[in-house]
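Shown below: work_23.csv, with CSV, C-alpha atoms and all ligand atoms.
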```csv
chain,number,residue,atom,x,y,z
A,1,MET,CA,-84.5,-25.9,130.7
A,2,PRO,CA,-82.5,-24.4,133.5
A,3,GLU,CA,-83.7,-21.3,135.3
A,4,PRO,CA,-82.5,-18.1,133.5
A,5,ARG,CA,-79.6,-16.3,135.2
A,6,THR,CA,-79.9,-13.4,132.7
A,7,GLN,CA,-82.9,-12.1,130.7
A,8,PRO,CA,-82.8,-14.0,127.4
A,9,SER,CA,-83.6,-10.8,125.4
A,10,VAL,CA,-80.4,-9.3,126.7
A,11,LEU,CA,-78.4,-12.1,125.3
A,12,LEU,CA,-79.7,-12.1,121.7
A,13,GLY,CA,-76.7,-11.1,119.6
A,14,ALA,CA,-74.6,-10.3,122.7
A,15,ARG,CA,-71.3,-12.1,123.3
A,16,VAL,CA,-70.6,-13.9,126.5
A,17,LEU,CA,-68.0,-16.4,127.8
A,18,LEU,CA,-68.8,-20.0,128.7
A,19,PRO,CA,-66.0,-21.9,130.5
A,20,ARG,CA,-65.1,-25.3,129.0
A,21,PRO,CA,-66.6,-27.4,131.7
A,22,ALA,CA,-70.0,-25.6,131.3
A,23,LEU,CA,-70.3,-27.1,127.8
A,24,GLN,CA,-71.6,-30.1,129.6
A,25,ASP,CA,-74.4,-27.8,131.0
A,26,LEU,CA,-75.3,-26.9,127.5
A,27,ILE,CA,-75.6,-30.6,126.5
A,28,ASP,CA,-77.6,-31.3,129.6
A,29,ALA,CA,-79.9,-28.4,129.0
A,30,LEU,CA,-80.6,-29.5,125.5
A,31,ALA,CA,-81.3,-33.0,126.7
A,32,ALA,CA,-83.6,-31.7,129.4
A,33,CYS,CA,-85.5,-29.9,126.7
A,34,GLY,CA,-86.1,-33.2,125.0
A,35,PHE,CA,-83.5,-32.9,122.2
A,36,GLU,CA,-81.4,-35.9,121.1
A,37,VAL,CA,-77.9,-34.2,121.0
A,38,ILE,CA,-75.7,-35.0,118.1
A,39,GLY,CA,-72.1,-33.9,117.9
A,40,PRO,CA,-68.6,-34.7,116.7
A,41,ARG,CA,-66.7,-37.8,117.9
A,42,ALA,CA,-63.5,-39.4,116.9
A,43,ARG,CA,-64.3,-42.9,115.7
A,44,ASP,CA,-62.9,-45.4,113.1
A,45,GLY,CA,-60.1,-43.0,112.3
A,46,ALA,CA,-62.3,-40.0,111.4
A,47,ILE,CA,-64.4,-37.3,113.0
A,48,VAL,CA,-68.0,-38.4,112.7
A,49,TYR,CA,-71.3,-37.0,113.9
A,50,ASP,CA,-73.1,-39.2,116.5
A,51,ARG,CA,-75.1,-39.2,119.7
A,52,LEU,CA,-73.4,-37.1,122.3
A,53,ARG,CA,-74.0,-37.2,126.1
A,54,ARG,CA,-70.7,-36.1,127.7
A,55,ILE,CA,-68.1,-33.5,126.7
A,56,GLU,CA,-65.5,-36.3,127.3
A,57,GLU,CA,-66.9,-37.9,124.1
A,58,LEU,CA,-65.9,-34.8,122.0
A,59,PRO,CA,-62.6,-35.3,120.0
A,60,ALA,CA,-60.4,-33.4,122.4
A,61,GLY,CA,-56.9,-32.8,121.1
A,62,TRP,CA,-57.6,-34.3,117.6
A,63,THR,CA,-57.3,-32.6,114.3
A,64,ASP,CA,-57.6,-33.9,110.7
A,65,ARG,CA,-55.1,-33.8,107.9
A,66,GLN,CA,-56.8,-33.7,104.5
A,67,ASP,CA,-55.8,-33.6,100.8
A,68,GLY,CA,-57.1,-35.0,97.6
A,69,GLY,CA,-58.0,-38.6,98.4
A,70,THR,CA,-56.4,-38.4,101.8
A,71,TYR,CA,-57.7,-38.1,105.3
A,72,GLY,CA,-56.2,-38.9,108.7
A,73,LEU,CA,-56.4,-37.9,112.3
A,74,GLU,CA,-53.5,-36.4,114.2
A,75,ARG,CA,-52.9,-35.3,117.7
A,76,ARG,CA,-52.9,-31.5,118.3
A,77,SER,CA,-50.5,-29.8,120.7
A,78,ASP,CA,-53.6,-28.6,122.8
A,79,ALA,CA,-56.9,-30.1,124.0
A,80,ALA,CA,-59.2,-28.2,121.7
A,81,LEU,CA,-62.6,-29.8,121.4
A,82,PHE,CA,-63.4,-28.5,117.9
A,83,GLY,CA,-59.9,-28.3,116.5
A,84,TYR,CA,-60.6,-30.2,113.2
A,85,ALA,CA,-62.3,-29.2,109.9
A,86,VAL,CA,-65.0,-31.4,108.6
A,87,GLY,CA,-65.1,-35.2,108.2
A,88,PRO,CA,-67.0,-37.7,106.0
A,89,HIS,CA,-70.3,-37.1,107.8
A,90,SER,CA,-72.5,-34.1,107.3
A,91,TRP,CA,-75.8,-33.1,109.0
A,92,LYS,CA,-77.5,-34.2,105.8
A,93,GLN,CA,-77.7,-37.7,107.1
A,94,PHE,CA,-79.9,-36.6,110.0
A,95,LEU,CA,-82.2,-34.1,108.1
A,96,HIS,CA,-82.3,-36.1,104.8
A,97,PRO,CA,-81.6,-39.6,105.9
A,98,PRO,CA,-79.8,-42.1,103.5
A,99,GLN,CA,-82.9,-44.3,103.7
A,100,GLU,CA,-86.4,-43.3,104.6
A,101,ARG,CA,-89.7,-45.1,104.4
A,102,LEU,CA,-92.2,-42.7,102.8
A,103,TRP,CA,-95.4,-44.7,103.4
A,104,ARG,CA,-96.7,-48.1,104.1
A,105,ALA,CA,-99.9,-49.8,102.8
A,106,ARG,CA,-101.8,-52.6,104.5
A,107,ARG,CA,-104.5,-54.8,102.9
A,108,ARG,CA,-108.0,-54.3,104.4
A,109,GLU,CA,-111.3,-56.0,103.5
A,110,ASP,CA,-112.1,-53.1,101.1
A,111,GLY,CA,-108.7,-52.7,99.6
A,112,PHE,CA,-105.4,-51.1,100.7
A,113,ALA,CA,-105.1,-48.4,103.2
A,114,ILE,CA,-102.1,-46.0,102.9
A,115,GLU,CA,-100.4,-45.2,106.2
A,116,PRO,CA,-98.2,-42.1,106.1
A,117,GLU,CA,-95.1,-42.2,108.2
A,118,PRO,CA,-95.4,-40.8,111.7
A,119,ALA,CA,-93.6,-37.6,112.7
A,120,PRO,CA,-90.0,-38.1,113.9
A,121,PRO,CA,-89.9,-39.4,117.5
A,122,SER,CA,-87.3,-36.9,118.8
A,123,ARG,CA,-86.1,-33.4,118.0
A,124,LEU,CA,-82.4,-33.1,117.2
A,125,ALA,CA,-79.8,-30.7,118.5
A,126,PHE,CA,-76.6,-30.4,116.4
A,127,ILE,CA,-73.4,-29.3,118.2
A,128,GLY,CA,-70.4,-28.3,116.0
A,129,VAL,CA,-72.1,-27.1,112.8
A,130,ARG,CA,-69.6,-25.2,110.7
A,131,ALA,CA,-70.4,-22.1,108.6
A,132,CYS,CA,-70.2,-24.0,105.3
A,133,GLU,CA,-72.6,-26.6,106.8
A,134,LEU,CA,-75.1,-23.9,107.8
A,135,HIS,CA,-75.1,-22.8,104.2
A,136,ALA,CA,-75.5,-26.4,103.0
A,137,ILE,CA,-78.5,-26.8,105.3
A,138,ALA,CA,-80.0,-23.5,104.0
A,139,ILE,CA,-79.5,-24.9,100.4
A,140,GLN,CA,-81.3,-28.1,101.3
A,141,ASP,CA,-84.0,-26.1,103.0
A,142,ARG,CA,-84.7,-24.4,99.6
A,143,VAL,CA,-84.7,-27.8,97.9
A,144,PHE,CA,-87.0,-29.6,100.4
A,145,MET,CA,-89.2,-26.7,101.8
A,146,GLY,CA,-88.8,-23.8,99.3
A,147,GLY,CA,-91.3,-24.9,96.6
A,148,ALA,CA,-95.0,-25.7,96.4
A,149,HIS,CA,-94.4,-29.3,97.3
A,150,LYS,CA,-92.7,-29.6,100.6
A,151,ASP,CA,-90.9,-32.7,101.9
A,152,THR,CA,-92.9,-33.2,105.1
A,153,GLY,CA,-90.3,-35.5,106.8
A,154,TYR,CA,-87.5,-33.1,106.1
A,155,GLU,CA,-89.6,-30.2,107.2
A,156,ALA,CA,-90.5,-31.8,110.6
A,157,ARG,CA,-86.9,-32.7,111.3
A,158,ARG,CA,-85.6,-29.3,110.2
A,159,ARG,CA,-88.2,-27.2,112.1
A,160,GLY,CA,-87.5,-29.2,115.3
A,161,ALA,CA,-83.7,-28.9,115.1
A,162,PHE,CA,-81.6,-26.7,117.4
A,163,VAL,CA,-78.3,-25.7,115.9
A,164,VAL,CA,-75.1,-24.9,117.8
A,165,ALA,CA,-72.6,-23.5,115.3
A,166,VAL,CA,-68.8,-23.4,115.7
A,167,ASN,CA,-66.7,-20.7,114.1
A,168,CYS,CA,-63.8,-22.6,112.5
A,169,GLY,CA,-60.4,-22.4,114.2
A,170,THR,CA,-58.8,-24.7,111.8
A,171,ALA,CA,-59.0,-24.9,108.0
A,172,GLY,CA,-58.7,-28.3,106.3
A,173,GLY,CA,-56.3,-29.0,103.5
A,174,THR,CA,-59.3,-29.2,101.0
A,175,CYS,CA,-61.4,-26.3,102.5
A,176,PHE,CA,-62.3,-23.4,100.3
A,177,CYS,CA,-65.3,-21.8,102.0
A,178,ALA,CA,-63.6,-18.4,102.0
A,179,SER,CA,-63.8,-18.5,98.1
A,180,MET,CA,-67.5,-19.5,98.2
A,181,GLU,CA,-68.3,-16.8,100.8
A,182,THR,CA,-69.8,-19.4,103.1
A,183,GLY,CA,-67.3,-19.3,105.9
A,184,PRO,CA,-65.4,-19.7,108.1
A,185,ARG,CA,-67.5,-17.4,110.3
A,186,ALA,CA,-71.1,-18.5,111.1
A,187,GLU,CA,-73.3,-15.5,110.1
A,188,ALA,CA,-76.8,-16.8,110.2
A,189,GLY,CA,-78.9,-19.9,110.6
A,190,PHE,CA,-77.9,-20.9,114.1
A,191,ASP,CA,-79.5,-20.8,117.6
A,192,LEU,CA,-76.1,-20.5,119.3
A,193,ALA,CA,-72.6,-20.0,117.8
A,194,LEU,CA,-69.4,-20.5,119.7
A,195,THR,CA,-65.7,-19.7,119.1
A,196,GLU,CA,-63.2,-21.9,121.0
A,197,LEU,CA,-60.6,-19.8,122.8
A,198,ILE,CA,-57.7,-21.9,123.9
A,199,GLY,CA,-54.1,-21.1,124.8
A,200,GLY,CA,-52.0,-21.0,128.0
A,201,THR,CA,-54.3,-21.6,130.9
A,202,ARG,CA,-57.3,-20.4,129.0
A,203,HIS,CA,-60.0,-22.7,127.6
A,204,ASP,CA,-63.4,-21.2,127.1
A,205,PHE,CA,-66.0,-20.4,124.4
A,206,LEU,CA,-67.2,-17.0,123.2
A,207,MET,CA,-70.9,-17.6,122.8
A,208,GLU,CA,-73.4,-15.7,120.6
A,209,ALA,CA,-77.2,-16.3,120.5
A,210,GLY,CA,-78.8,-16.2,117.0
A,211,SER,CA,-82.4,-16.9,118.0
A,212,GLU,CA,-84.8,-16.5,120.9
A,213,ALA,CA,-84.5,-20.2,121.6
A,214,GLY,CA,-80.7,-19.9,121.7
A,215,ALA,CA,-80.9,-16.8,124.0
A,216,ALA,CA,-83.3,-18.6,126.3
A,217,LEU,CA,-80.9,-21.6,126.6
A,218,LEU,CA,-77.8,-19.4,127.1
A,219,ALA,CA,-79.6,-17.5,129.8
A,220,GLY,CA,-79.6,-20.6,132.0
A,221,LEU,CA,-75.9,-21.3,131.6
A,222,PRO,CA,-73.0,-20.1,133.8
A,223,THR,CA,-71.7,-17.4,131.4
A,224,ARG,CA,-69.9,-14.1,132.2
A,225,PRO,CA,-69.7,-11.0,130.0
A,226,ALA,CA,-67.0,-11.1,127.3
A,227,GLY,CA,-64.6,-8.2,127.1
A,228,ALA,CA,-63.2,-6.4,124.1
A,229,ALA,CA,-60.0,-8.6,124.2
A,230,ASP,CA,-62.2,-11.8,124.2
A,231,ILE,CA,-64.1,-10.6,121.1
A,232,ALA,CA,-60.8,-9.6,119.4
A,233,ALA,CA,-59.4,-13.0,120.2
A,234,ALA,CA,-62.4,-14.7,118.6
A,235,GLU,CA,-62.2,-12.5,115.5
A,236,ALA,CA,-58.5,-13.4,115.2
A,237,VAL,CA,-59.3,-17.1,115.3
A,238,VAL,CA,-61.7,-16.7,112.3
A,239,ALA,CA,-59.3,-14.4,110.4
A,240,ARG,CA,-56.5,-16.9,110.8
A,241,THR,CA,-58.7,-19.7,109.5
A,242,ALA,CA,-59.8,-17.7,106.5
A,243,ALA,CA,-56.2,-17.0,105.6
A,244,SER,CA,-55.2,-20.7,105.8
A,245,MET,CA,-57.7,-22.4,103.4
A,246,GLY,CA,-56.2,-25.4,101.7
A,247,ARG,CA,-57.8,-24.6,98.3
A,248,THR,CA,-59.3,-21.6,96.5
A,249,MET,CA,-62.0,-21.4,93.8
A,250,ASP,CA,-62.2,-18.5,91.4
A,251,THR,CA,-65.9,-18.0,91.1
A,252,VAL,CA,-65.9,-15.0,88.8
A,253,GLY,CA,-67.8,-15.9,85.6
A,254,LEU,CA,-67.7,-19.6,86.6
A,255,LYS,CA,-71.3,-20.3,85.8
A,256,SER,CA,-71.0,-19.2,82.2
A,257,LEU,CA,-67.5,-20.7,81.9
A,258,LEU,CA,-68.9,-24.1,82.6
A,259,GLN,CA,-72.2,-23.7,80.8
A,260,ASP,CA,-70.4,-22.5,77.6
A,261,HIS,CA,-67.9,-25.3,77.5
A,262,PRO,CA,-69.7,-28.7,77.4
A,263,GLU,CA,-67.2,-30.0,74.9
A,264,HIS,CA,-64.0,-28.8,76.6
A,265,PRO,CA,-61.3,-31.6,76.4
A,266,ARG,CA,-60.9,-31.4,80.2
A,267,TRP,CA,-64.1,-33.4,80.6
A,268,ASP,CA,-62.5,-36.3,78.7
A,269,GLU,CA,-59.3,-36.0,80.8
A,270,VAL,CA,-61.2,-36.0,84.2
A,271,ALA,CA,-63.3,-38.9,82.9
A,272,SER,CA,-60.2,-41.0,82.3
A,273,ARG,CA,-59.5,-40.7,86.1
A,274,CYS,CA,-63.0,-40.8,87.5
A,275,LEU,CA,-64.3,-44.1,88.8
A,276,ALA,CA,-68.0,-43.0,88.7
A,277,CYS,CA,-68.0,-44.4,92.3
A,278,ALA,CA,-70.4,-41.6,93.6
A,279,ASN,CA,-68.4,-41.0,96.7
A,280,CYS,CA,-68.3,-37.3,96.0
A,281,THR,CA,-72.1,-37.1,95.9
A,282,MET,CA,-72.6,-39.2,99.1
A,283,VAL,CA,-70.3,-36.9,101.2
A,284,CYS,CA,-71.5,-33.7,99.6
A,285,PRO,CA,-73.7,-31.8,102.1
A,286,THR,CA,-75.9,-30.3,99.4
A,287,CYS,CA,-76.4,-33.2,97.0
A,288,PHE,CA,-80.0,-34.4,97.5
A,289,CYS,CA,-80.9,-36.8,94.6
A,290,THR,CA,-82.8,-40.0,95.6
A,291,THR,CA,-84.5,-43.0,94.1
A,292,VAL,CA,-87.4,-45.0,95.5
A,293,THR,CA,-88.0,-48.8,95.7
A,294,ASP,CA,-91.3,-50.5,96.4
A,295,HIS,CA,-91.5,-53.7,98.4
A,296,THR,CA,-94.4,-56.1,99.1
A,297,ASP,CA,-94.5,-59.0,101.5
A,298,LEU,CA,-95.0,-62.5,100.1
A,299,ALA,CA,-98.5,-62.8,101.5
A,300,GLY,CA,-99.6,-59.6,99.6
A,301,GLN,CA,-100.8,-58.0,102.9
A,302,GLU,CA,-98.3,-55.1,103.1
A,303,ALA,CA,-96.4,-52.8,100.8
A,304,GLU,CA,-94.0,-50.0,101.4
A,305,ARG,CA,-92.1,-47.3,99.4
A,306,VAL,CA,-88.6,-46.5,100.6
A,307,ARG,CA,-86.5,-43.6,99.4
A,308,HIS,CA,-82.7,-43.9,99.2
A,309,TRP,CA,-79.9,-41.5,98.3
A,310,ASP,CA,-78.9,-41.9,94.7
A,311,SER,CA,-76.3,-40.2,92.6
A,312,CYS,CA,-75.9,-38.7,89.1
A,313,PHE,CA,-72.8,-40.9,88.8
A,314,THR,CA,-74.9,-44.2,88.7
A,315,ALA,CA,-76.1,-45.6,85.3
A,316,ASP,CA,-79.6,-46.2,86.7
A,317,PHE,CA,-80.0,-42.6,87.8
A,318,SER,CA,-80.6,-41.3,84.2
A,319,TYR,CA,-82.2,-44.5,82.9
A,320,ILE,CA,-85.2,-43.7,80.8
A,321,HIS,CA,-87.2,-46.4,78.9
A,322,GLY,CA,-84.4,-48.4,77.3
A,323,GLY,CA,-81.1,-46.9,78.3
A,324,SER,CA,-79.2,-44.5,80.5
A,325,VAL,CA,-79.2,-40.9,79.2
A,326,ARG,CA,-75.8,-40.3,80.6
A,327,SER,CA,-74.0,-43.5,79.6
A,328,SER,CA,-70.4,-42.2,79.8
A,329,THR,CA,-68.4,-41.2,82.9
A,330,LYS,CA,-67.6,-37.9,81.1
A,331,SER,CA,-71.2,-37.0,80.9
A,332,ARG,CA,-71.8,-37.9,84.5
A,333,TYR,CA,-68.9,-35.9,85.9
A,334,ARG,CA,-69.8,-32.9,83.7
A,335,GLN,CA,-73.4,-33.1,84.8
A,336,TRP,CA,-72.4,-33.2,88.5
A,337,MET,CA,-69.9,-30.3,88.3
A,338,THR,CA,-71.9,-28.1,86.0
A,339,HIS,CA,-75.1,-28.7,88.1
A,340,LYS,CA,-73.2,-28.0,91.3
A,341,LEU,CA,-71.5,-24.8,90.2
A,342,ALA,CA,-73.7,-23.4,87.4
A,343,HIS,CA,-77.2,-24.9,86.7
A,344,TRP,CA,-77.9,-24.9,90.5
A,345,ILE,CA,-77.8,-21.1,90.3
A,346,ASP,CA,-80.5,-21.1,87.7
A,347,GLN,CA,-82.5,-23.6,89.7
A,348,PHE,CA,-82.1,-22.3,93.3
A,349,GLY,CA,-80.4,-18.9,93.1
A,350,THR,CA,-77.1,-19.9,94.7
A,351,SER,CA,-74.2,-22.2,93.9
A,352,GLY,CA,-74.7,-25.8,95.0
A,353,CYS,CA,-71.2,-25.8,96.4
A,354,VAL,CA,-70.3,-24.5,99.9
A,355,GLY,CA,-66.6,-25.2,99.7
A,356,CYS,CA,-66.4,-27.8,102.4
A,357,GLY,CA,-63.8,-29.9,100.4
A,358,ARG,CA,-65.4,-33.3,101.2
A,359,CYS,CA,-65.7,-34.3,97.5
A,360,ILE,CA,-61.9,-33.7,97.1
A,361,THR,CA,-60.9,-35.5,100.3
A,362,TRP,CA,-63.1,-38.6,99.8
A,363,CYS,CA,-62.6,-39.0,96.1
A,364,PRO,CA,-60.6,-42.3,95.9
A,365,VAL,CA,-58.4,-40.8,93.1
A,366,GLY,CA,-58.2,-37.3,94.5
A,367,ILE,CA,-60.2,-35.5,91.8
A,368,ASP,CA,-60.4,-31.9,92.8
A,369,ILE,CA,-63.4,-29.7,91.8
A,370,THR,CA,-61.3,-26.5,92.3
A,371,ALA,CA,-58.5,-27.9,90.0
A,372,GLU,CA,-61.1,-29.0,87.4
A,373,ALA,CA,-62.7,-25.5,87.3
A,374,ALA,CA,-59.2,-23.9,87.1
A,375,ALA,CA,-58.2,-26.2,84.2
A,376,ILE,CA,-61.2,-25.1,82.1
A,377,ARG,CA,-60.6,-21.5,83.0
A,378,ALA,CA,-56.9,-21.8,82.1
A,379,ASP,CA,-57.8,-22.7,78.5
A,380,PRO,CA,-61.4,-21.6,77.8
A,381,ALA,CA,-60.7,-21.4,74.0
A,382,ALA,CA,-60.2,-25.2,73.8
A,383,HIS,CA,-63.2,-26.6,72.0
A,384,GLY,CA,-65.3,-23.9,73.6
A,385,THR,CA,-68.3,-24.0,71.3
A,386,LYS,CA,-71.6,-24.1,73.1
A,387,ARG,CA,-73.6,-27.1,71.9
A,388,GLY,CA,-77.0,-27.3,73.5
A,389,THR,CA,-76.9,-28.2,77.1
A,390,SER,CA,-74.6,-30.5,79.1
A,391,HIS,CA,-77.7,-32.3,80.3
A,392,GLY,CA,-78.1,-35.6,78.4
A,393,ASN,CA,-75.0,-35.6,76.3
A,394,PRO,CA,-73.4,-39.0,76.4
B,1,LIG,S1,-69.2,-29.9,95.7
B,1,LIG,FE1,-67.6,-30.7,97.1
B,1,LIG,S2,-66.7,-28.9,98.1
B,1,LIG,FE2,-68.7,-28.3,97.2
B,1,LIG,S3,-70.2,-28.6,98.9
B,1,LIG,FE3,-70.2,-30.5,97.7
B,1,LIG,S4,-68.6,-31.8,98.8
B,1,LIG,FE4,-68.3,-29.7,99.5
B,2,LIG,S1,-65.1,-37.7,91.1
B,2,LIG,FE1,-64.0,-39.1,92.5
B,2,LIG,S2,-65.6,-39.5,94.1
B,2,LIG,FE2,-66.7,-38.6,92.4
B,2,LIG,S3,-67.4,-40.3,91.2
B,2,LIG,FE3,-65.4,-39.7,90.3
B,2,LIG,S4,-63.9,-41.0,91.3
B,2,LIG,FE4,-65.8,-41.2,92.5
```

Take the structure in the file and write it out as structure tokens.
Amino acid sequence: MPEPRTQPSVLLGARVLLPRPALQDLIDALAACGFEVIGPRARDGAIVYDRLRRIEELPAGWTDRQDGGTYGLERRSDAALFGYAVGPHSWKQFLHPPQERLWRARRREDGFAIEPEPAPPSRLAFIGVRACELHAIAIQDRVFMGGAHKDTGYEARRRGAFVVAVNCGTAGGTCFCASMETGPRAEAGFDLALTELIGGTRHDFLMEAGSEAGAALLAGLPTRPAGAADIAAAEAVVARTAASMGRTMDTVGLKSLLQDHPEHPRWDEVASRCLACANCTMVCPTCFCTTVTDHTDLAGQEAERVRHWDSCFTADFSYIHGGSVRSSTKSRYRQWMTHKLAHWIDQFGTSGCVGCGRCITWCPVGIDITAEAAAIRADPAAHGTKRGTSHGNP
């Protein structure tokens, strides 16, 4: 870590300005502390999260255009480094990997010995975490670390992570974090947060430390005090983004609206379009369901158990001795949406949706969770009788 230029305690919660070139100093400082730095990059026609070494690798001057089933990159009129919304990747893939070996067993003379997986080899630093993504990480923290049985792999990765948040300067066409009260301003859950200030000859970042570790890192960077005009400019960026959300979700009474209407005709209508492809659950930053597969080698010397992401949209996911409990697409979509927006609140105390819009953008047929909720709200009397629970109805 670089030598502190300012006392870290002075910086906790204070706002300072970091010039654009000094973002490289931040990346270098994180690397010097032993972090593997992950950040946004433009690749394969999308903004993805990948290993980051140089600020030249950031998606300067790119933005994304999103709508239901539609995503594309376009050039901006400026060289903003964080001038896009969110892409198909989320930080879930690093904290809760798509595939993870849980343990391996080797044959010994006296039987098999189970070898637990070693701790992750490196600590991760995430650059460019949006407010909705901070909320998604907090939701997965509750799932994996909030109960009596903690996921040790997730916990090790999470506790070692350093988070640099970005206050959004651009709302995507499918974003609705303002409705879910999860953005666009990063309020908590970060070590550092930045707001990109660009225009005319200006290009710098208003920085805020959200933890002692963030303040210590910031103290070694070439910052200067922010003035009232800088802080006002950053507030204006977030306010402009909040006012330009591509979607809205009316959350008033939404939980009971969904739980009380398992037989609403809209479930049949959406099922006639849904391909049960599971894309929405793969891109969702809060979906956490998995399955496990066991493997043995042909010589019978080694065995291993591997965990993979799974989805409530697959037939196998609800397979119980002789058949799938949710055999129809209707029952799977209804399970996903009512879990996300209603049962999740019973289970974990918050909605399972943070309004990132990924499930809308990456649905191949453009099914829109905000439109589905609005359709049920628009005609709640239609076949609204409550019949048990939506879990398990084919
Ligand atoms: S349900 Fe859709 S909008 Fe909500 S968090 Fe998941 S992907 Fe984002
Ligand atoms: S809602 Fe869209 S993304 Fe999700 S399973 Fe159906 S078709 Fe696939």

Review point. List as a PyMOL selection string: which residues have an atom within 12 Å of (-69.0, -17.5, 120.0), counting all atoms listed in the file?
Key: chain A and resi 13-19+128+164-169+185-187+190-197+204-210+218+223+225-226+230-235+237-238

File of the preceding selection, C-alpha atoms, as a PDB file, keeping the file's coordinate frame:
```
ATOM      1  CA  GLY A  13     -76.700 -11.100 119.600  1.00  0.00           C
ATOM      2  CA  ALA A  14     -74.600 -10.300 122.700  1.00  0.00           C
ATOM      3  CA  ARG A  15     -71.300 -12.100 123.300  1.00  0.00           C
ATOM      4  CA  VAL A  16     -70.600 -13.900 126.500  1.00  0.00           C
ATOM      5  CA  LEU A  17     -68.000 -16.400 127.800  1.00  0.00           C
ATOM      6  CA  LEU A  18     -68.800 -20.000 128.700  1.00  0.00           C
ATOM      7  CA  PRO A  19     -66.000 -21.900 130.500  1.00  0.00           C
ATOM      8  CA  GLY A 128     -70.400 -28.300 116.000  1.00  0.00           C
ATOM      9  CA  VAL A 164     -75.100 -24.900 117.800  1.00  0.00           C
ATOM     10  CA  ALA A 165     -72.600 -23.500 115.300  1.00  0.00           C
ATOM     11  CA  VAL A 166     -68.800 -23.400 115.700  1.00  0.00           C
ATOM     12  CA  ASN A 167     -66.700 -20.700 114.100  1.00  0.00           C
ATOM     13  CA  CYS A 168     -63.800 -22.600 112.500  1.00  0.00           C
ATOM     14  CA  GLY A 169     -60.400 -22.400 114.200  1.00  0.00           C
ATOM     15  CA  ARG A 185     -67.500 -17.400 110.300  1.00  0.00           C
ATOM     16  CA  ALA A 186     -71.100 -18.500 111.100  1.00  0.00           C
ATOM     17  CA  GLU A 187     -73.300 -15.500 110.100  1.00  0.00           C
ATOM     18  CA  PHE A 190     -77.900 -20.900 114.100  1.00  0.00           C
ATOM     19  CA  ASP A 191     -79.500 -20.800 117.600  1.00  0.00           C
ATOM     20  CA  LEU A 192     -76.100 -20.500 119.300  1.00  0.00           C
ATOM     21  CA  ALA A 193     -72.600 -20.000 117.800  1.00  0.00           C
ATOM     22  CA  LEU A 194     -69.400 -20.500 119.700  1.00  0.00           C
ATOM     23  CA  THR A 195     -65.700 -19.700 119.100  1.00  0.00           C
ATOM     24  CA  GLU A 196     -63.200 -21.900 121.000  1.00  0.00           C
ATOM     25  CA  LEU A 197     -60.600 -19.800 122.800  1.00  0.00           C
ATOM     26  CA  ASP A 204     -63.400 -21.200 127.100  1.00  0.00           C
ATOM     27  CA  PHE A 205     -66.000 -20.400 124.400  1.00  0.00           C
ATOM     28  CA  LEU A 206     -67.200 -17.000 123.200  1.00  0.00           C
ATOM     29  CA  MET A 207     -70.900 -17.600 122.800  1.00  0.00           C
ATOM     30  CA  GLU A 208     -73.400 -15.700 120.600  1.00  0.00           C
ATOM     31  CA  ALA A 209     -77.200 -16.300 120.500  1.00  0.00           C
ATOM     32  CA  GLY A 210     -78.800 -16.200 117.000  1.00  0.00           C
ATOM     33  CA  LEU A 218     -77.800 -19.400 127.100  1.00  0.00           C
ATOM     34  CA  THR A 223     -71.700 -17.400 131.400  1.00  0.00           C
ATOM     35  CA  PRO A 225     -69.700 -11.000 130.000  1.00  0.00           C
ATOM     36  CA  ALA A 226     -67.000 -11.100 127.300  1.00  0.00           C
ATOM     37  CA  ASP A 230     -62.200 -11.800 124.200  1.00  0.00           C
ATOM     38  CA  ILE A 231     -64.100 -10.600 121.100  1.00  0.00           C
ATOM     39  CA  ALA A 232     -60.800  -9.600 119.400  1.00  0.00           C
ATOM     40  CA  ALA A 233     -59.400 -13.000 120.200  1.00  0.00           C
ATOM     41  CA  ALA A 234     -62.400 -14.700 118.600  1.00  0.00           C
ATOM     42  CA  GLU A 235     -62.200 -12.500 115.500  1.00  0.00           C
ATOM     43  CA  VAL A 237     -59.300 -17.100 115.300  1.00  0.00           C
ATOM     44  CA  VAL A 238     -61.700 -16.700 112.300  1.00  0.00           C
TER      45      VAL A 238
END
```

Exercise for review: With all atoms listed in the file counted, collect every polymer residue having an atom within 10 Å of ligand LIG 1 (chain B); state the result as a PyMOL selection string.
Suggested key: chain A and resi 86+88+90+132-133+135-136+174-177+180+247+249+279-287+336-337+339-341+351-363+368-370

Point to revise | Atom-to-atom span, CA of Gln335 in chain A and CA of Phe313 in chain A, Å | key: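 Spanning CA of Gln335 in chain A to CA of Phe313 in chain A is a straight-line distance of 8.8 Å.
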
**Study point:** Shortest interatomic distance to Pro262 in chain A - which of A:Ala243, A:Val325, A:Ile376, A:Ala228, counting only C-alpha atoms
**Key:**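 Distance minimum relative to Pro262 in chain A lands on A:Ile376.
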
**Study point:** Near-range 107-118 of chain A list (7 Å; all atoms listed in the file; drop same-chain fewer than 5 positions) as a ChimeraX atom specification
**Key:** /A:102,301-302

Give me the box for range 174-177 of chain A as lines of an AutoDock Vina configuration file, namely the centre and edge lengths in Å to one decimal of a box along x, y and z that holds every listed atom plus 4 Å on each side.
```
center_x = -62.3
center_y = -25.5
center_z = 101.4
size_x = 14.0
size_y = 15.4
size_z = 10.2
```

Exercise for review: Go through A:Gly68, A:Arg104, A:His261, A:Gly200 and flag the residue nearest ligand LIG 2 (chain B), using all atoms listed in the file for the distances.
Suggested key: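 Looking only at the distances to ligand LIG 2 (chain B), the closest residue turns out to be A:Gly68.
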
Practice item. May I ask which of the residues A:Ala378, A:Leu258, A:Ile367, A:Ala188 is the closest one to ligand LIG 2 (chain B), counting all atoms listed in the file? Key: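 The closest residue to ligand LIG 2 (chain B) is A:Ile367.
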